[in-house]
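upload_13.txt (compact mmCIF, C-alpha atoms)
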# COMPACT_ATOMS: atom_id res chain seq x y z
CA MET A 1 -18.98 -41.75 95.59
CA ASN A 2 -18.20 -38.02 95.70
CA PRO A 3 -16.11 -36.41 98.50
CA LEU A 4 -19.18 -35.18 100.41
CA GLN A 5 -20.73 -38.64 100.51
CA ARG A 6 -17.42 -40.23 101.47
CA TYR A 7 -16.82 -37.77 104.30
CA THR A 8 -20.42 -38.17 105.59
CA SER A 9 -20.23 -41.98 105.52
CA GLU A 10 -16.95 -42.02 107.42
CA ALA A 11 -18.24 -39.52 110.00
CA ASP A 12 -21.36 -41.65 110.62
CA SER A 13 -19.15 -44.69 111.13
CA LEU A 14 -16.88 -42.89 113.62
CA THR A 15 -19.79 -41.65 115.74
CA LYS A 16 -20.79 -45.28 116.39
CA GLN A 17 -17.34 -46.18 117.72
CA THR A 18 -15.74 -45.66 121.13
CA GLN A 19 -14.26 -42.19 121.06
CA THR A 20 -10.49 -41.72 121.42
CA PRO A 21 -8.31 -38.61 120.88
CA GLN A 22 -7.49 -39.95 117.41
CA THR A 23 -11.11 -40.59 116.37
CA ARG A 24 -12.23 -37.22 117.77
CA ALA A 25 -9.51 -35.42 115.76
CA ARG A 26 -10.52 -37.32 112.65
CA LEU A 27 -14.19 -36.52 113.25
CA GLN A 28 -13.41 -32.79 113.56
CA PHE A 29 -11.55 -32.95 110.27
CA LEU A 30 -14.48 -34.71 108.57
CA LEU A 31 -17.04 -32.23 109.91
CA ALA A 32 -14.95 -29.32 108.61
CA ALA A 33 -14.62 -31.01 105.22
CA ILE A 34 -18.38 -31.68 105.04
CA LYS A 35 -19.16 -28.07 105.88
CA THR A 36 -16.72 -26.80 103.26
CA CYS A 37 -18.14 -29.05 100.53
CA LYS A 38 -21.73 -28.03 101.31
CA GLU A 39 -20.96 -24.31 101.34
CA MET A 40 -18.95 -24.49 98.16
CA SER A 41 -21.75 -26.33 96.34
CA GLU A 42 -24.29 -23.73 97.51
CA ILE A 43 -22.38 -20.66 96.33
CA ARG A 44 -21.09 -22.08 93.04
CA SER A 45 -22.84 -20.56 90.02
CA VAL A 46 -22.46 -20.58 86.25
CA GLU A 47 -21.23 -16.96 86.28
CA GLU A 48 -18.00 -17.87 88.10
CA LYS A 49 -15.50 -17.54 85.26
CA SER A 50 -12.42 -15.94 86.82
CA ALA A 51 -9.22 -17.94 87.26
CA ALA A 52 -9.55 -17.93 91.04
CA LYS A 53 -13.11 -19.26 90.94
CA GLU A 54 -12.28 -21.91 88.35
CA LEU A 55 -9.39 -23.14 90.47
CA ARG A 56 -11.64 -23.18 93.54
CA ASP A 57 -14.16 -25.40 91.75
CA TYR A 58 -11.36 -27.65 90.56
CA LEU A 59 -9.76 -28.03 93.99
CA ILE A 60 -13.01 -28.77 95.77
CA GLY A 61 -14.24 -31.24 93.16
CA ALA A 62 -10.96 -32.96 92.24
CA PRO A 63 -10.27 -36.51 93.41
CA VAL A 64 -8.30 -36.51 96.64
CA GLU A 65 -5.05 -38.31 97.13
CA SER A 66 -5.38 -40.92 99.87
CA ARG A 67 -1.96 -41.95 101.20
CA THR A 68 0.51 -41.21 103.97
CA TYR A 69 2.54 -38.13 103.06
CA SER A 70 6.18 -38.85 102.24
CA ALA A 71 8.76 -37.93 99.61
CA LEU A 72 7.23 -38.48 96.18
CA THR A 73 8.87 -41.12 94.00
CA GLU A 74 6.01 -42.22 91.76
CA ALA A 75 5.07 -40.67 88.43
CA ASN A 76 3.12 -37.41 88.61
CA THR A 77 -0.57 -38.12 89.01
CA GLY A 78 -1.99 -34.69 89.84
CA GLN A 79 -5.06 -33.20 88.17
CA LEU A 80 -4.94 -30.82 85.21
CA VAL A 81 -5.76 -27.24 86.17
CA PRO A 82 -8.19 -24.87 84.42
CA ALA A 83 -6.71 -23.08 81.38
CA SER A 84 -7.14 -19.68 83.01
CA PHE A 85 -5.12 -20.79 86.02
CA TYR A 86 -2.36 -22.04 83.69
CA ASN A 87 -2.16 -18.62 82.01
CA GLN A 88 -2.08 -16.85 85.35
CA LEU A 89 0.62 -19.19 86.62
CA LEU A 90 2.80 -18.71 83.52
CA THR A 91 2.47 -14.94 83.79
CA GLY A 92 3.64 -15.06 87.40
CA ILE A 93 6.62 -17.26 86.50
CA ALA A 94 7.68 -14.89 83.70
CA GLN A 95 7.62 -11.94 86.10
CA TYR A 96 10.24 -13.67 88.26
CA THR A 97 12.21 -15.43 85.51
CA GLU A 98 12.41 -13.31 82.36
CA LEU A 99 13.65 -16.30 80.36
CA MET A 100 10.09 -17.66 80.59
CA SER A 101 8.53 -14.60 78.95
CA ARG A 102 7.15 -14.75 75.41
CA ASP A 103 8.56 -11.25 74.88
CA ASN A 104 12.15 -12.31 75.54
CA VAL A 105 12.63 -15.87 74.24
CA SER A 106 11.00 -18.30 71.82
CA LEU A 107 8.42 -19.80 74.16
CA ILE A 108 6.82 -22.98 72.86
CA GLU A 109 3.60 -24.05 74.59
CA SER A 110 2.77 -27.58 73.48
CA GLU A 111 -0.12 -29.77 74.58
CA LYS A 112 2.14 -32.72 75.47
CA ALA A 113 5.74 -33.31 76.53
CA LEU A 114 6.69 -35.71 73.72
CA PRO A 115 10.14 -35.05 72.17
CA LEU A 116 9.97 -32.04 69.87
CA THR A 117 12.56 -31.65 67.09
CA LEU A 118 13.29 -28.11 65.86
CA PRO A 119 15.47 -27.08 62.90
CA THR A 120 18.44 -24.76 63.46
CA LEU A 121 20.31 -22.58 60.96
CA ASP A 122 23.36 -20.31 61.10
CA LEU A 123 22.13 -16.85 60.07
CA SER A 124 25.62 -15.32 60.11
CA THR A 125 26.76 -16.88 56.82
CA ILE A 126 23.73 -17.18 54.55
CA THR A 127 23.80 -14.72 51.65
CA SER A 128 22.60 -14.06 48.10
CA ALA A 129 24.04 -13.00 44.73
CA ILE A 130 22.95 -11.67 41.35
CA VAL A 131 22.20 -14.37 38.80
CA SER A 132 22.54 -13.46 35.12
CA GLN A 133 20.47 -15.10 32.42
CA ALA A 134 22.03 -18.10 30.67
CA VAL A 135 24.86 -18.17 33.23
CA ASP A 136 25.23 -20.96 35.74
CA ALA A 137 25.37 -19.78 39.32
CA PRO A 138 28.79 -20.46 40.88
CA PRO A 139 28.89 -22.92 43.76
CA VAL A 140 28.58 -21.34 47.19
CA ALA A 141 29.08 -22.46 50.75
CA ASN A 142 25.64 -23.48 51.93
CA PRO A 143 24.71 -23.05 55.61
CA THR A 144 23.90 -26.39 57.17
CA ILE A 145 20.48 -27.01 58.68
CA SER A 146 20.74 -29.09 61.83
CA SER A 147 18.31 -29.72 64.67
CA MET A 148 17.76 -29.69 68.41
CA VAL A 149 15.36 -31.77 70.49
CA LEU A 150 13.21 -30.49 73.35
CA GLY A 151 11.59 -32.78 75.90
CA GLY A 152 9.88 -32.00 79.20
CA PHE A 153 11.53 -32.20 82.62
CA SER A 154 9.02 -32.35 85.48
CA TYR A 155 9.30 -29.76 88.26
CA ARG A 156 7.43 -30.04 91.56
CA THR A 157 6.96 -27.34 94.20
CA ASN A 158 7.25 -27.84 97.93
CA PRO A 159 3.82 -28.70 99.43
CA ILE A 160 1.84 -25.81 100.90
CA ALA A 161 -0.40 -26.49 103.92
CA SER A 162 -3.79 -24.80 104.30
CA THR A 163 -6.48 -25.43 106.94
CA PHE A 164 -10.07 -26.12 105.98
CA GLU A 165 -11.16 -23.17 108.12
CA LEU A 166 -8.92 -20.82 106.14
CA GLU A 167 -10.18 -22.20 102.82
CA GLN A 168 -13.76 -21.83 104.03
CA ASP A 169 -13.47 -18.31 105.44
CA SER A 170 -11.27 -16.74 102.77
CA PHE A 171 -11.07 -19.04 99.77
CA GLU A 172 -10.55 -16.39 97.09
CA SER A 173 -7.47 -14.94 98.81
CA ILE A 174 -6.11 -18.43 99.46
CA THR A 175 -6.35 -19.13 95.73
CA ASP A 176 -4.40 -15.96 94.97
CA ILE A 177 -1.77 -16.88 97.56
CA LEU A 178 -1.39 -20.38 96.14
CA THR A 179 -1.01 -19.05 92.60
CA ALA A 180 1.64 -16.52 93.65
CA ALA A 181 3.51 -19.10 95.71
CA PHE A 182 3.45 -21.71 92.93
CA SER A 183 4.70 -19.11 90.43
CA VAL A 184 7.71 -18.13 92.54
CA ALA A 185 8.54 -21.73 93.49
CA LEU A 186 8.45 -22.97 89.90
CA ALA A 187 10.31 -19.90 88.63
CA ARG A 188 13.16 -20.47 91.08
CA GLY A 189 13.61 -24.11 90.12
CA ILE A 190 13.13 -23.74 86.36
CA GLY A 191 14.91 -20.37 86.15
CA SER A 192 18.07 -21.78 87.66
CA ASP A 193 18.22 -24.53 85.03
CA LEU A 194 17.37 -22.17 82.17
CA VAL A 195 20.57 -20.33 83.04
CA ASN A 196 22.91 -23.04 84.33
CA GLY A 197 21.37 -26.36 83.25
CA SER A 198 23.81 -28.89 81.83
CA GLY A 199 21.45 -30.43 79.28
CA SER A 200 21.99 -33.84 80.87
CA GLY A 201 18.99 -34.74 83.06
CA ALA A 202 18.01 -31.05 82.98
CA PRO A 203 17.28 -28.32 80.42
CA LEU A 204 20.25 -26.93 78.48
CA GLY A 205 20.99 -23.62 80.20
CA ILE A 206 21.86 -20.54 78.19
CA LEU A 207 25.26 -20.14 79.93
CA THR A 208 26.15 -23.74 79.11
CA ALA A 209 25.20 -23.37 75.43
CA ALA A 210 26.39 -19.79 74.76
CA GLY A 211 29.63 -19.14 72.88
CA THR A 212 32.45 -17.04 74.25
CA SER A 213 32.77 -13.39 73.29
CA GLY A 214 36.48 -13.65 73.99
CA ILE A 215 36.16 -10.76 76.45
CA THR A 216 37.42 -10.97 80.04
CA SER A 217 37.11 -7.87 82.22
CA ALA A 218 40.15 -6.19 83.71
CA SER A 219 38.31 -5.98 87.03
CA SER A 220 37.06 -8.97 88.99
CA SER A 221 33.78 -7.23 89.82
CA VAL A 222 32.67 -4.99 86.93
CA PHE A 223 32.86 -4.49 83.17
CA VAL A 224 33.86 -1.12 81.68
CA LYS A 225 32.40 0.53 78.56
CA SER A 226 35.06 -0.73 76.13
CA GLU A 227 34.59 -4.33 77.33
CA LEU A 228 30.80 -4.14 77.01
CA GLN A 229 31.18 -2.61 73.56
CA SER A 230 33.47 -5.48 72.51
CA ILE A 231 30.93 -8.03 73.77
CA TYR A 232 28.22 -6.22 71.81
CA PHE A 233 30.15 -6.33 68.52
CA SER A 234 31.24 -9.95 69.00
CA VAL A 235 27.69 -10.94 67.97
CA ASN A 236 26.93 -10.95 64.24
CA ARG A 237 24.63 -8.16 63.09
CA ALA A 238 22.12 -10.74 61.81
CA TYR A 239 21.45 -11.61 65.45
CA ARG A 240 21.91 -8.09 66.88
CA VAL A 241 19.01 -6.70 64.82
CA SER A 242 16.60 -9.27 66.27
CA PRO A 243 13.77 -7.76 68.37
CA LYS A 244 14.71 -10.26 71.09
CA CYS A 245 18.41 -9.39 71.16
CA ALA A 246 19.15 -8.53 74.79
CA TRP A 247 21.57 -8.53 77.72
CA LEU A 248 21.18 -10.96 80.61
CA MET A 249 22.79 -10.39 84.00
CA ASN A 250 22.36 -10.49 87.78
CA ASP A 251 21.14 -7.53 89.84
CA ALA A 252 24.68 -7.03 91.21
CA THR A 253 26.20 -6.78 87.71
CA TYR A 254 23.40 -4.48 86.59
CA ASN A 255 23.92 -2.24 89.61
CA ALA A 256 27.62 -1.90 88.76
CA ILE A 257 26.90 -1.09 85.10
CA LEU A 258 24.34 1.55 86.10
CA GLY A 259 27.19 3.70 87.41
CA LEU A 260 29.11 3.69 84.10
CA LYS A 261 29.15 6.84 81.96
CA ASP A 262 30.29 7.74 78.48
CA ALA A 263 33.60 9.57 78.82
CA THR A 264 32.76 11.91 75.93
CA THR A 265 29.20 12.92 76.79
CA ASN A 266 29.28 12.11 80.51
CA ARG A 267 25.89 10.45 80.09
CA PRO A 268 25.01 7.07 81.67
CA LEU A 269 25.53 4.05 79.42
CA VAL A 270 22.21 2.60 80.56
CA SER A 271 19.14 4.43 79.27
CA ILE A 272 15.93 4.01 81.24
CA THR A 273 12.73 4.57 79.28
CA GLU A 274 9.12 3.44 79.38
CA ASP A 275 10.23 0.33 77.45
CA GLY A 276 12.65 -0.61 80.22
CA GLU A 277 16.40 -0.41 80.75
CA LYS A 278 18.66 -0.59 77.68
CA LEU A 279 22.39 -0.83 77.06
CA PHE A 280 23.60 0.16 73.57
CA GLY A 281 19.94 0.17 72.59
CA LYS A 282 19.32 -3.44 73.68
CA LYS A 283 17.04 -4.53 76.51
CA ILE A 284 18.56 -5.55 79.85
CA LEU A 285 17.04 -8.67 81.43
CA ILE A 286 17.67 -9.59 85.05
CA SER A 287 18.16 -13.16 86.24
CA PRO A 288 18.92 -13.91 89.91
CA ASP A 289 20.58 -17.13 88.74
CA MET A 290 23.32 -15.43 86.71
CA PRO A 291 26.69 -15.68 88.52
CA THR A 292 28.60 -12.66 89.85
CA ALA A 293 31.77 -14.17 91.34
CA ALA A 294 35.25 -13.42 90.02
CA GLY A 295 36.07 -15.67 87.08
CA SER A 296 32.40 -16.38 86.27
CA LYS A 297 30.38 -15.86 83.08
CA ALA A 298 28.66 -12.84 84.56
CA ILE A 299 27.00 -11.39 81.47
CA VAL A 300 25.21 -12.77 78.40
CA PHE A 301 24.38 -10.93 75.18
CA GLY A 302 22.75 -12.00 71.95
CA ASP A 303 19.58 -13.01 70.17
CA LEU A 304 17.51 -14.70 72.87
CA GLY A 305 14.95 -15.48 70.18
CA GLN A 306 17.33 -18.34 69.34
CA PHE A 307 16.81 -19.68 72.88
CA GLN A 308 13.90 -22.12 72.79
CA VAL A 309 11.94 -22.67 76.02
CA ARG A 310 9.31 -25.40 75.92
CA VAL A 311 6.38 -25.74 78.36
CA ALA A 312 4.06 -28.75 78.21
CA LYS A 313 0.48 -27.81 79.10
CA ASN A 314 -0.41 -31.34 80.17
CA GLY A 315 2.43 -31.12 82.68
CA VAL A 316 0.79 -28.26 84.61
CA MET A 317 -1.01 -29.92 87.50
CA VAL A 318 -2.05 -29.31 91.10
CA ARG A 319 -2.35 -32.07 93.70
CA ARG A 320 -4.53 -31.68 96.79
CA ASN A 321 -3.81 -34.13 99.62
CA VAL A 322 -6.41 -34.04 102.41
CA GLU A 323 -5.15 -37.11 104.28
CA ALA A 324 -1.47 -36.33 104.83
CA LEU A 325 -0.22 -37.74 108.13
CA GLY A 326 0.39 -34.94 110.62
CA TYR A 327 -1.87 -32.55 108.71
CA ALA A 328 -5.22 -34.32 108.44
CA GLU A 329 -5.44 -34.54 112.23
CA GLN A 330 -5.25 -30.74 112.30
CA GLY A 331 -7.83 -30.25 109.56
CA ALA A 332 -5.25 -29.17 106.98
CA SER A 333 -4.61 -30.16 103.36
CA LEU A 334 -1.45 -29.99 101.27
CA TYR A 335 -1.20 -28.43 97.81
CA THR A 336 1.59 -29.23 95.32
CA ALA A 337 2.05 -27.84 91.79
CA TYR A 338 3.81 -29.46 88.82
CA LEU A 339 5.10 -28.10 85.52
CA LYS A 340 7.11 -29.68 82.67
CA ALA A 341 9.70 -27.57 80.86
CA ASP A 342 12.85 -27.81 78.74
CA SER A 343 15.17 -25.45 76.85
CA ALA A 344 17.88 -25.41 74.16
CA LEU A 345 19.85 -22.83 72.19
CA ASN A 346 20.42 -22.67 68.43
CA THR A 347 24.15 -23.37 68.19
CA ALA A 348 24.32 -23.92 64.40
CA GLY A 349 27.03 -21.25 63.98
CA ALA A 350 28.55 -21.48 67.44
CA SER A 351 32.07 -22.30 66.23
CA THR A 352 32.44 -19.10 64.20
CA SER A 353 29.60 -16.71 65.01
CA PRO A 354 27.35 -17.72 67.94
CA ALA A 355 23.93 -16.16 68.31
CA VAL A 356 24.48 -15.69 72.05
CA VAL A 357 27.80 -15.00 73.81
CA TYR A 358 29.01 -14.52 77.38
CA GLY A 359 31.53 -12.15 78.96
CA THR A 360 33.77 -13.29 81.81
CA LEU A 361 34.81 -11.44 84.94
CA HIS A 362 38.52 -11.48 85.69
CA SER A 363 39.52 -14.07 88.25

The structure given in the file should be rewritten as structure tokens.
Amino acid sequence: MNPLQRYTSEADSLTKQTQTPQTRARLQFLLAAIKTCKEMSEIRSVEEKSAAKELRDYLIGAPVESRTYSALTEANTGQLVPASFYNQLLTGIAQYTELMSRDNVSLIESEKALPLTLPTLDLSTITSAIVSQAVDAPPVANPTISSMVLGGFSYRTNPIASTFELEQDSFESITDILTAAFSVALARGIGSDLVNGSGSGAPLGILTAAGTSGITSASSSVFVKSELQSIYFSVNRAYRVSPKCAWLMNDATYNAILGLKDATTNRPLVSITEDGEKLFGKKILISPDMPTAAGSKAIVFGDLGQFQVRVAKNGVMVRRNVEALGYAEQGASLYTAYLKADSALNTAGASTSPAVVYGTLHS
């Protein structure tokens, strides 16, 4: 039985009963749901290919969750979203959390969230030598290949309430609002762990995995040019030449660095071009989850291409609950989004020459 038939059958049953405030409220909800289903089926056409229209079709036709709303403790059982909505959602997340952007890190988009083992190698020591004919090559110190494992931690947004009237009167804009809200909500939760996650019950955050540059600022609130230059050269050139070598910091740290100038040329250290903001020729990425307090690891620099971020496509789901207690009586439904993600950093050469380092503010 599809939703329209189920709503119609229940409405017919209620009209035959003695009316109470509760049954009248339920009947109003059912009538609104019936009207929405009918109108959606009438206007749906094969030409509707945009992400918003695909999500609309999915939300209207998806099985509804029938239970009293409470804190979720069971395994995720939402419905998979259209591929176009997934792409739109991931783009929105990357705009808020730059560590989820394909341009900045090694983003792995897998179909499932099964454990994924990746090889790691220290690029700072591997080398080559001339080999003469009929001469044995001398033994060399070989870089060790190790591995890291990525899983998929499930993130869930706070539920968003929407009335049937609002869905009916302005469904396209509601879809856009839901997508934007889900993007920000997921970015805040995942972004925080991508920076500070312990790796135990959460992704391994880049601050947790990064090596130390050995640089602590003289000031408790800002780095000076010589300190930033030392952080820059503490990373091996093999990692500095990577297209994804970049700085990572909070807005407050970035604002302080913007005021720094070269003492010789009196020009700002930060160059702003069409490609974005750069420091010593390397891109500056902003993360609201980077710390700024005295004594904190306030700045990160290195090859972020060595930072692996994994997203499981089958973990991207949306749940629509039309019978949540306290909402159904008012003709409202709840929407919740899910996404599975994990992260890890290549630390093969961390003891001698880490790919990514942090700088510390003086305490």

Measure the distance from CA of Ala298 (chain A) to CA of Ala187 (chain A) in Å and round it to one decimal.
->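 Straight-line distance from CA of Ala298 (chain A) to CA of Ala187 (chain A) works out to 20.1 Å.
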
Determine, counting only C-alpha atoms, which protein, DNA and RNA residues have an atom within 9 Å of an atom of Leu285 (chain A); residues of the same chain fewer than 4 positions away are not included. Present the result as an MDAnalysis selection string.
-> chainID A and resid 98:99 104 246:250 277

CA of Ala256 (chain A) to CA of Val357 (chain A), distance in Å rounded to a single decimal | 19.9 Å

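Distances to Leu90 (chain A) were evaluated for A:Ser13, A:Thr347, A:Ser183, A:Asn255 using all atoms listed in the file, and the minimum falls at A:Ser183.
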
Choose the residue, out of A:Leu89, A:Ile206, A:Leu4, A:Leu114, that has the smallest atom-to-atom separation from Asn314 (chain A); count all atoms listed in the file.
->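 So, comparing all the options, the nearest one is A:Leu114.
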
Near Leu345 (chain A), within 9 Å and counting all atoms listed in the file, which residues show up once chain neighbours fewer than 2 positions away are dropped, as number ranges by chain?
-> A: 148, 204-206, 209-210, 304, 306-309, 343, 347, 355-356

Please list, as a PDB file with C-alpha atoms, in the coordinates of the input, the residues that have an atom at most 6 Å away from (-7.1, -34.3, 115.2) in the coordinates of this file, counting only C-alpha atoms.
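Contents of the output file result-v8.pdb:
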ATOM      1  CA  ALA A  25      -9.510 -35.420 115.760  1.00  0.00           C
ATOM      2  CA  ARG A  26     -10.520 -37.320 112.650  1.00  0.00           C
ATOM      3  CA  GLU A 329      -5.440 -34.540 112.230  1.00  0.00           C
ATOM      4  CA  GLN A 330      -5.250 -30.740 112.300  1.00  0.00           C
TER       5      GLN A 330
END

Gap from CA of Tyr338 (chain A) to CA of Leu30 (chain A) - Å, one decimal = 27.4 Å

With a distance cut-off of 10 Å and only C-alpha atoms, select the neighbouring residues of Leu178 (chain A), excluding the residue or stretch itself and same-chain residues fewer than 6 positions from it, and output the selection as a list in words.
-> Ala52, Leu89, Ile160, Ala161, Ser162, Tyr335, Thr336 and Ala337 of chain A

Take the residues from that selection and write them out as a PDB file, in the frame of the given file, keeping C-alpha atoms.
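Writing done, so here's part_34.pdb:
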ATOM      1  CA  ALA A  52      -9.550 -17.930  91.040  1.00  0.00           C
ATOM      2  CA  LEU A  89       0.620 -19.190  86.620  1.00  0.00           C
ATOM      3  CA  ILE A 160       1.840 -25.810 100.900  1.00  0.00           C
ATOM      4  CA  ALA A 161      -0.400 -26.490 103.920  1.00  0.00           C
ATOM      5  CA  SER A 162      -3.790 -24.800 104.300  1.00  0.00           C
ATOM      6  CA  TYR A 335      -1.200 -28.430  97.810  1.00  0.00           C
ATOM      7  CA  THR A 336       1.590 -29.230  95.320  1.00  0.00           C
ATOM      8  CA  ALA A 337       2.050 -27.840  91.790  1.00  0.00           C
TER       9      ALA A 337
END

Of the candidates A:Ile126, A:Leu260, A:Val105, A:Ile299, which one gets nearest to Gly211 (chain A) if we count all atoms listed in the file?
-> A:Ile299

Which of these residues is nearest to Phe85 (chain A), using only C-alpha atoms: A:Leu150, A:Ile231, A:Val316, A:Ala294?
-> A:Val316
